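Here's target-v8.txt, which has compact mmCIF, C-alpha atoms:
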# COMPACT_ATOMS: atom_id res chain seq x y z
CA VAL L 639 -5.77 7.85 -20.42
CA GLU L 640 -4.90 4.72 -22.40
CA TYR L 641 -6.62 2.53 -19.81
CA GLY L 642 -9.66 4.72 -19.24
CA ALA L 643 -8.85 6.15 -15.83
CA VAL L 644 -11.02 9.10 -14.83
CA ASP L 645 -10.07 10.04 -11.26
CA PHE L 646 -6.70 8.82 -10.07
CA ASN L 647 -3.40 9.79 -8.53
CA ALA L 648 -0.08 8.04 -8.44
CA THR L 649 3.20 8.82 -6.71
CA VAL L 650 6.72 7.62 -7.41
CA ILE L 651 9.56 8.33 -5.00
CA ASP L 652 12.95 7.77 -6.61
CA LEU L 653 14.96 6.64 -3.58
CA VAL L 654 18.28 6.93 -5.44
CA GLU L 655 17.92 10.53 -6.58
CA ASN L 656 15.54 11.53 -3.76
CA CYS L 657 12.95 12.89 -6.19
CA THR L 658 9.16 12.58 -6.04
CA TYR L 659 6.92 12.41 -9.12
CA SER L 660 3.15 12.52 -9.31
CA MET L 661 0.43 11.74 -11.85
CA GLY L 662 -3.24 12.59 -11.87
CA GLU L 663 -4.98 14.93 -9.44
CA PRO L 664 -2.81 14.82 -6.29
CA ALA L 665 -5.40 16.22 -3.88
CA THR L 666 -8.10 13.62 -4.64
CA VAL L 667 -8.64 10.98 -1.95
CA PHE L 668 -9.86 7.43 -2.43
CA PRO L 669 -11.08 4.57 -0.21
CA THR L 670 -8.14 2.38 0.69
CA ALA L 671 -9.83 -1.00 0.10
CA SER L 672 -7.27 -3.60 1.20
CA THR L 673 -4.33 -1.19 1.14
CA GLY L 674 -5.83 -0.05 4.46
CA LYS L 675 -4.30 -3.21 5.88
CA LEU L 676 -0.92 -1.48 5.78
CA ILE L 677 -2.24 1.03 8.32
CA ILE L 678 -3.61 -1.80 10.46
CA ALA L 679 -0.28 -3.61 10.39
CA THR L 680 1.50 -0.40 11.37
CA GLY L 681 -0.76 0.08 14.38
CA VAL L 682 -0.47 -3.52 15.54
CA LEU L 683 3.32 -3.65 15.13
CA GLU L 684 3.69 -0.38 17.03
CA LEU L 685 2.00 -2.11 19.98
CA VAL L 686 4.35 -5.06 19.56
CA GLY L 687 7.36 -2.75 19.46
CA ALA L 688 6.19 -0.97 22.61
CA GLY L 689 5.95 -4.29 24.44
CA THR L 690 2.23 -3.94 25.11
CA LEU L 691 1.27 -6.72 22.69
CA ASP L 692 2.79 -10.17 22.30
CA PHE L 693 3.75 -10.78 18.67
CA SER L 694 2.81 -14.45 18.95
CA SER L 695 -0.79 -13.43 19.65
CA VAL L 696 -1.13 -11.59 16.32
CA GLU L 697 1.43 -13.28 14.08
CA SER L 698 -1.06 -15.61 12.42
CA ASP L 699 -3.59 -12.85 11.67
CA LEU L 700 -0.88 -10.49 10.43
CA THR L 701 0.35 -13.16 8.05
CA LEU L 702 -3.15 -13.89 6.77
CA MET L 703 -4.04 -10.22 6.45
CA ILE L 704 -0.96 -9.22 4.47
CA THR L 705 0.00 -12.29 2.44
CA GLN L 706 -3.57 -13.44 1.63
CA SER L 707 -5.47 -10.17 2.14
CA ASP L 708 -7.77 -11.97 4.59
CA ASN L 709 -10.58 -9.63 5.64
CA ASN L 710 -11.56 -11.53 8.80
CA ALA L 711 -8.00 -11.27 10.07
CA ALA L 712 -8.06 -7.55 9.24
CA ASP L 713 -11.29 -7.10 11.22
CA ARG L 714 -9.73 -8.75 14.27
CA LEU L 715 -6.53 -6.73 14.07
CA PHE L 716 -8.44 -3.49 13.49
CA ASP L 717 -10.04 -4.11 16.89
CA VAL L 718 -6.66 -4.94 18.45
CA MET L 719 -5.03 -1.73 17.21
CA GLY L 720 -7.84 0.49 18.52
CA ARG L 721 -9.90 1.03 15.37
CA ASN L 722 -10.41 4.62 14.16
CA ASP L 723 -8.82 6.30 17.18
CA ALA L 724 -5.61 4.50 16.30
CA VAL L 725 -5.96 5.45 12.62
CA ILE L 726 -6.24 9.12 13.60
CA SER L 727 -3.17 8.80 15.81
CA ILE L 728 -1.16 7.14 13.02
CA CYS L 729 -2.16 9.87 10.58
CA GLU L 730 -0.94 12.53 13.00
CA ARG L 731 2.34 10.84 13.91
CA TYR L 732 3.29 9.72 10.41
CA GLY L 733 2.30 12.97 8.72
CA LEU L 734 -0.54 11.54 6.63
CA THR L 735 -2.15 14.90 6.03
CA SER L 736 -4.71 13.76 3.43
CA THR L 737 -5.84 10.57 5.21
CA THR L 738 -9.05 10.41 7.25
CA THR L 739 -11.15 7.70 8.80
CA GLY L 740 -14.09 6.31 6.88
CA GLY L 741 -15.74 4.03 9.44
CA ALA L 742 -14.22 0.70 8.43
CA TRP L 743 -10.60 -0.01 7.54
CA GLY L 744 -11.44 -0.44 3.84
CA THR L 745 -13.12 2.96 3.65
CA ILE L 746 -10.28 4.97 5.14
CA LEU L 747 -9.78 7.85 2.70
CA THR L 748 -6.25 8.49 1.46
CA ASN L 749 -4.13 9.33 -1.55
CA SER L 750 -1.00 7.99 -3.18
CA LEU L 751 1.38 10.55 -1.65
CA ASP L 752 0.32 9.75 1.91
CA GLN L 753 0.72 6.04 1.32
CA ALA L 754 4.11 6.47 -0.33
CA ASN L 755 5.24 8.46 2.69
CA LEU L 756 3.85 5.80 5.02
CA LEU L 757 5.73 3.04 3.18
CA ASN L 758 8.94 5.03 3.44
CA GLN L 759 8.50 5.09 7.21
CA VAL L 760 7.31 1.54 7.89
CA VAL L 761 9.50 -0.53 5.55
CA GLY L 762 12.00 2.08 4.36
CA THR L 763 14.71 4.10 6.07
CA GLN L 764 12.87 7.28 6.98
CA ASP L 765 12.65 7.92 10.72
CA SER L 766 9.30 7.06 12.29
CA ALA L 767 7.60 5.62 15.35
CA LEU L 768 7.92 2.04 14.05
CA PRO L 769 11.07 0.36 15.39
CA GLN L 770 13.46 -1.36 13.00
CA ALA L 771 12.65 -4.85 14.29
CA GLN L 772 8.99 -4.35 13.42
CA ARG L 773 9.86 -2.86 10.01
CA VAL L 774 11.73 -6.08 9.25
CA ILE L 775 8.63 -8.11 10.15
CA LEU L 776 6.39 -5.98 7.95
CA ARG L 777 8.83 -6.00 5.06
CA ASP L 778 9.05 -9.78 5.23
CA LEU L 779 5.26 -10.14 5.11
CA LEU L 780 4.86 -7.67 2.25
CA THR L 781 7.44 -9.53 0.16
CA LYS L 782 5.51 -12.78 0.58
CA VAL L 783 2.14 -11.66 -0.77
CA ASN L 784 0.25 -14.29 -2.74
CA PRO L 785 1.65 -13.94 -6.31
CA GLN L 786 -1.88 -13.62 -7.69
CA GLN L 787 -2.29 -10.49 -5.54
CA ALA L 788 1.16 -9.01 -6.27
CA TRP L 789 0.30 -7.07 -9.43
CA GLY L 790 0.73 -3.33 -9.94
CA ALA L 791 3.58 -2.04 -7.80
CA GLY L 792 4.60 -5.65 -7.25
CA SER L 793 4.95 -6.55 -10.93
CA VAL L 794 8.61 -5.53 -11.23
CA THR L 795 10.34 -8.36 -13.11
CA ILE L 796 14.03 -7.46 -12.72
CA PRO L 797 15.83 -10.64 -11.57
CA ASP L 798 16.78 -10.83 -7.89
CA TRP L 799 15.05 -7.58 -6.96
CA THR L 800 12.72 -7.51 -3.93
CA ILE L 801 9.29 -5.88 -3.84
CA ALA L 802 7.13 -5.23 -0.80
CA VAL L 803 3.56 -4.83 -2.08
CA LYS L 804 -0.03 -4.53 -0.89
CA ASN L 805 -2.94 -4.06 -3.25
CA GLY L 806 -6.62 -3.27 -2.89
CA TRP L 807 -9.47 -4.13 -5.25
CA TYR L 808 -13.19 -3.69 -4.75
CA LEU L 809 -16.29 -3.30 -6.93
CA SER L 810 -18.31 -0.47 -5.43
CA VAL L 811 -21.98 -1.37 -4.83
CA PRO L 812 -25.10 0.73 -4.17
CA GLY L 813 -24.76 2.49 -0.83
CA ASP L 814 -20.97 2.76 -1.06
CA ARG L 815 -19.14 6.03 -1.41
CA PRO L 816 -19.64 7.10 -5.06
CA PRO L 817 -18.93 6.25 -7.79
CA GLU L 818 -21.01 3.07 -7.63
CA GLY L 819 -20.59 0.15 -9.98
CA LEU L 820 -16.92 0.85 -10.71
CA TRP L 821 -13.74 -0.80 -9.49
CA ARG L 822 -11.41 0.59 -6.84
CA ILE L 823 -7.96 -0.60 -7.86
CA ASN L 824 -5.15 0.53 -5.57
CA THR L 825 -1.50 -0.49 -5.31
CA VAL L 826 1.42 0.36 -3.02
CA GLY L 827 4.95 -1.00 -3.27
CA TYR L 828 8.56 -0.52 -2.18
CA VAL L 829 11.42 -1.83 -4.36
CA TRP L 830 14.98 -2.92 -3.47
CA ASP L 831 17.65 -4.05 -5.93
CA GLN L 832 19.77 -7.21 -5.82
CA SER L 833 22.17 -5.50 -3.37
CA ASN L 834 19.27 -4.69 -1.03
CA GLN L 835 19.52 -0.99 -1.85
CA PRO L 836 16.23 0.98 -1.91
CA ARG L 837 15.29 1.99 -5.47
CA TRP L 838 11.76 3.37 -5.60
CA ILE L 839 8.30 3.54 -4.08
CA PHE L 840 5.24 3.42 -6.32
CA THR L 841 1.68 3.98 -5.11
CA GLY L 842 -1.47 4.36 -7.20
CA TYR L 843 -5.12 5.03 -6.30
CA SER L 844 -8.30 5.19 -8.36
CA ASN L 845 -11.95 4.15 -8.03
CA THR L 846 -13.26 4.68 -11.58
CA TRP L 847 -12.21 1.55 -13.45
CA GLN L 848 -14.82 -0.11 -15.66
CA THR L 849 -13.21 -3.51 -15.04
CA GLU L 850 -10.78 -4.95 -12.52
CA GLU L 851 -8.48 -6.08 -15.32
CA ARG L 852 -8.18 -2.59 -16.80
CA GLY L 853 -7.10 -1.07 -13.50
CA ILE L 854 -4.58 -3.82 -12.82
CA SER L 855 -3.17 -3.49 -16.35
CA ALA L 856 -2.70 0.25 -15.91
CA TRP L 857 -0.72 -0.09 -12.69
CA ASN L 858 1.27 -2.98 -14.20
CA ALA L 859 2.21 -0.70 -17.09
CA VAL L 860 3.55 1.93 -14.69
CA SER L 861 5.73 -0.69 -12.97
CA THR L 862 7.04 -1.82 -16.35
CA GLN L 863 7.92 1.77 -17.23
CA LEU L 864 9.69 2.22 -13.89
CA SER L 865 11.63 -1.00 -14.41
CA ASN L 866 12.73 0.22 -17.84
CA SER L 867 13.75 3.67 -16.63
CA LEU L 868 14.70 3.67 -12.93
CA GLY L 869 15.80 0.03 -13.01
CA ILE L 870 18.68 0.42 -15.45
CA ARG L 871 20.92 2.81 -13.53

The structure in this file should be written as structure tokens.
Amino acid sequence: VEYGAVDFNATVIDLVENCTYSMGEPATVFPTASTGKLIIATGVLELVGAGTLDFSSVESDLTLMITQSDNNAADRLFDVMGRNDAVISICERYGLTSTTTGGAWGTILTNSLDQANLLNQVVGTQDSALPQAQRVILRDLLTKVNPQQAWGAGSVTIPDWTIAVKNGWYLSVPGDRPPEGLWRINTVGYVWDQSNQPRWIFTGYSNTWQTEERGISAWNAVSTQLSNSLGIR
């Protein structure tokens, strides 16, 4: 409320106590914007893990897509993974019950709970179709995101802690899925402490921000609160 959010949902999974917390309207779905690149990376790395795709052929685009949020690289990898058919398959196999295709990777519809569960399976310890070797690759990329793009779930400031983060930001224009003229500001992140122990997952989705800065500030504030509460145990 303080930051002017209208429609939003956020999920926190406390990986120490194995508790899940939610804020906002949990059933609402939002376009992924660039957080959809996490789904693309999952699909591509599954192919690598299965031995049907040579990692060297996609390594450069994966790095650009995750660390710099490069859209051209995402377009190429979306083709490699099999586009929307692959998205549907990932949703089924990873239990993303609220996630549906939206045509392009940035318009996949999802919510914070689905993306928190996906993170737990692709960089965390929960069993899934993504082999450990490929989880290590994805974790490494997500921890090397351009610092200017590592706000929100990535803004944890506890010394020597590690954060895997991917954010999405987009000003909706006429012809987009409503609401038009407002910012989609999304964040997903997984946090480990200085001993490499998993601590929490934080994901947040909303598409009703008046400004980009307001949405980023809101998600930063949640990370600060988590650092001050879950980070002191």

Neighbours of point (14.1, 0.5, -3.0) within 12 Å, using only C-alpha atoms, written as a JSON list (two decimals) with C-alpha atoms, in the coordinates of the input:
[["chain", "number", "residue", "atom", "x", "y", "z"],
["L", 650, "VAL", "CA", 6.72, 7.62, -7.41],
["L", 651, "ILE", "CA", 9.56, 8.33, -5.00],
["L", 652, "ASP", "CA", 12.95, 7.77, -6.61],
["L", 653, "LEU", "CA", 14.96, 6.64, -3.58],
["L", 654, "VAL", "CA", 18.28, 6.93, -5.44],
["L", 655, "GLU", "CA", 17.92, 10.53, -6.58],
["L", 656, "ASN", "CA", 15.54, 11.53, -3.76],
["L", 754, "ALA", "CA", 4.11, 6.47, -0.33],
["L", 757, "LEU", "CA", 5.73, 3.04, 3.18],
["L", 758, "ASN", "CA", 8.94, 5.03, 3.44],
["L", 761, "VAL", "CA", 9.50, -0.53, 5.55],
["L", 762, "GLY", "CA", 12.00, 2.08, 4.36],
["L", 763, "THR", "CA", 14.71, 4.10, 6.07],
["L", 777, "ARG", "CA", 8.83, -6.00, 5.06],
["L", 791, "ALA", "CA", 3.58, -2.04, -7.80],
["L", 794, "VAL", "CA", 8.61, -5.53, -11.23],
["L", 799, "TRP", "CA", 15.05, -7.58, -6.96],
["L", 800, "THR", "CA", 12.72, -7.51, -3.93],
["L", 801, "ILE", "CA", 9.29, -5.88, -3.84],
["L", 802, "ALA", "CA", 7.13, -5.23, -0.80],
["L", 803, "VAL", "CA", 3.56, -4.83, -2.08],
["L", 827, "GLY", "CA", 4.95, -1.00, -3.27],
["L", 828, "TYR", "CA", 8.56, -0.52, -2.18],
["L", 829, "VAL", "CA", 11.42, -1.83, -4.36],
["L", 830, "TRP", "CA", 14.98, -2.92, -3.47],
["L", 831, "ASP", "CA", 17.65, -4.05, -5.93],
["L", 832, "GLN", "CA", 19.77, -7.21, -5.82],
["L", 833, "SER", "CA", 22.17, -5.50, -3.37],
["L", 834, "ASN", "CA", 19.27, -4.69, -1.03],
["L", 835, "GLN", "CA", 19.52, -0.99, -1.85],
["L", 836, "PRO", "CA", 16.23, 0.98, -1.91],
["L", 837, "ARG", "CA", 15.29, 1.99, -5.47],
["L", 838, "TRP", "CA", 11.76, 3.37, -5.60],
["L", 839, "ILE", "CA", 8.30, 3.54, -4.08],
["L", 840, "PHE", "CA", 5.24, 3.42, -6.32],
["L", 864, "LEU", "CA", 9.69, 2.22, -13.89],
["L", 865, "SER", "CA", 11.63, -1.00, -14.41],
["L", 868, "LEU", "CA", 14.70, 3.67, -12.93],
["L", 869, "GLY", "CA", 15.80, 0.03, -13.01]]

- prompt: Within 7 Å of Met703 of chain L, counting only C-alpha atoms, which residues qualify if same-chain residues fewer than 6 places away don't, as a PyMOL selection string?
  reply: chain L and resi 709+711-712

- prompt: Distance atom CA of Gly689 of chain L-atom CA of Gln772 of chain L, one decimal place?
  reply: 11.4 Å

- prompt: So how far away is atom CA of Ala671 of chain L from atom CA of Leu809 of chain L, in Å?
  reply: 9.8 Å

field: Residue nearest Leu676 of chain L among L:Gly740, L:Gly806, L:Gly853, L:Pro812 (counting only C-alpha atoms)
entry: L:Gly806

- request: Return the single residue from L:Gly720, L:Gly790, L:Pro769, L:Gly733 that is closest to Tyr843 of chain L, with distances computed using all atoms listed in the file.
  value: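 Checking each of L:Gly720, L:Gly790, L:Pro769, L:Gly733 against Tyr843 of chain L, counting all atoms listed in the file, the winner is L:Gly790.
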
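For the atom pair formed by atom CA of Asp713 of chain L and atom CA of Trp743 of chain L, the distance is 8.0 Å, given to one decimal.
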
- line: Nearest to Asn845 of chain L, restricted to only C-alpha atoms and choosing among L:Ala679, L:Met661, L:Met719, L:Val667, comes out as L:Val667

query: Restricting the calculation to only C-alpha atoms, which member of L:Leu715, L:Ile796, L:Ile823, L:Ala742 is positioned closest to Thr680 of chain L?
result: L:Leu715

field: Option closest in space to Gly662 of chain L, from L:Ser750, L:Ser766, L:Thr739, L:Ser727 [counting only C-alpha atoms]
entry: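 That would be L:Ser750, the residue with the smallest distance to Gly662 of chain L.
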
- prompt: Using all atoms listed in the file, can you list as a list in words the residues within 10 Å of (-8.5, 11.2, 1.0)?
  reply: Pro664, Ala665, Thr666, Val667, Phe668, Pro669, Thr670, Leu734, Thr735, Ser736, Thr737, Thr738, Thr739, Gly740, Thr745, Ile746, Leu747, Thr748, Asn749, Ser750 and Asp752 of chain L

Store the residues picked out above in a file with C-alpha atoms, as a PDB file, keeping the file's coordinate frame.
ATOM      1  CA  PRO L 664      -2.810  14.820  -6.290  1.00  0.00           C
ATOM      2  CA  ALA L 665      -5.400  16.220  -3.880  1.00  0.00           C
ATOM      3  CA  THR L 666      -8.100  13.620  -4.640  1.00  0.00           C
ATOM      4  CA  VAL L 667      -8.640  10.980  -1.950  1.00  0.00           C
ATOM      5  CA  PHE L 668      -9.860   7.430  -2.430  1.00  0.00           C
ATOM      6  CA  PRO L 669     -11.080   4.570  -0.210  1.00  0.00           C
ATOM      7  CA  THR L 670      -8.140   2.380   0.690  1.00  0.00           C
ATOM      8  CA  LEU L 734      -0.540  11.540   6.630  1.00  0.00           C
ATOM      9  CA  THR L 735      -2.150  14.900   6.030  1.00  0.00           C
ATOM     10  CA  SER L 736      -4.710  13.760   3.430  1.00  0.00           C
ATOM     11  CA  THR L 737      -5.840  10.570   5.210  1.00  0.00           C
ATOM     12  CA  THR L 738      -9.050  10.410   7.250  1.00  0.00           C
ATOM     13  CA  THR L 739     -11.150   7.700   8.800  1.00  0.00           C
ATOM     14  CA  GLY L 740     -14.090   6.310   6.880  1.00  0.00           C
ATOM     15  CA  THR L 745     -13.120   2.960   3.650  1.00  0.00           C
ATOM     16  CA  ILE L 746     -10.280   4.970   5.140  1.00  0.00           C
ATOM     17  CA  LEU L 747      -9.780   7.850   2.700  1.00  0.00           C
ATOM     18  CA  THR L 748      -6.250   8.490   1.460  1.00  0.00           C
ATOM     19  CA  ASN L 749      -4.130   9.330  -1.550  1.00  0.00           C
ATOM     20  CA  SER L 750      -1.000   7.990  -3.180  1.00  0.00           C
ATOM     21  CA  ASP L 752       0.320   9.750   1.910  1.00  0.00           C
TER      22      ASP L 752
END

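Closest approach to Val725 of chain L among L:Trp807, L:Gly741, L:Cys657, L:Val686: L:Gly741, based on only C-alpha atoms.
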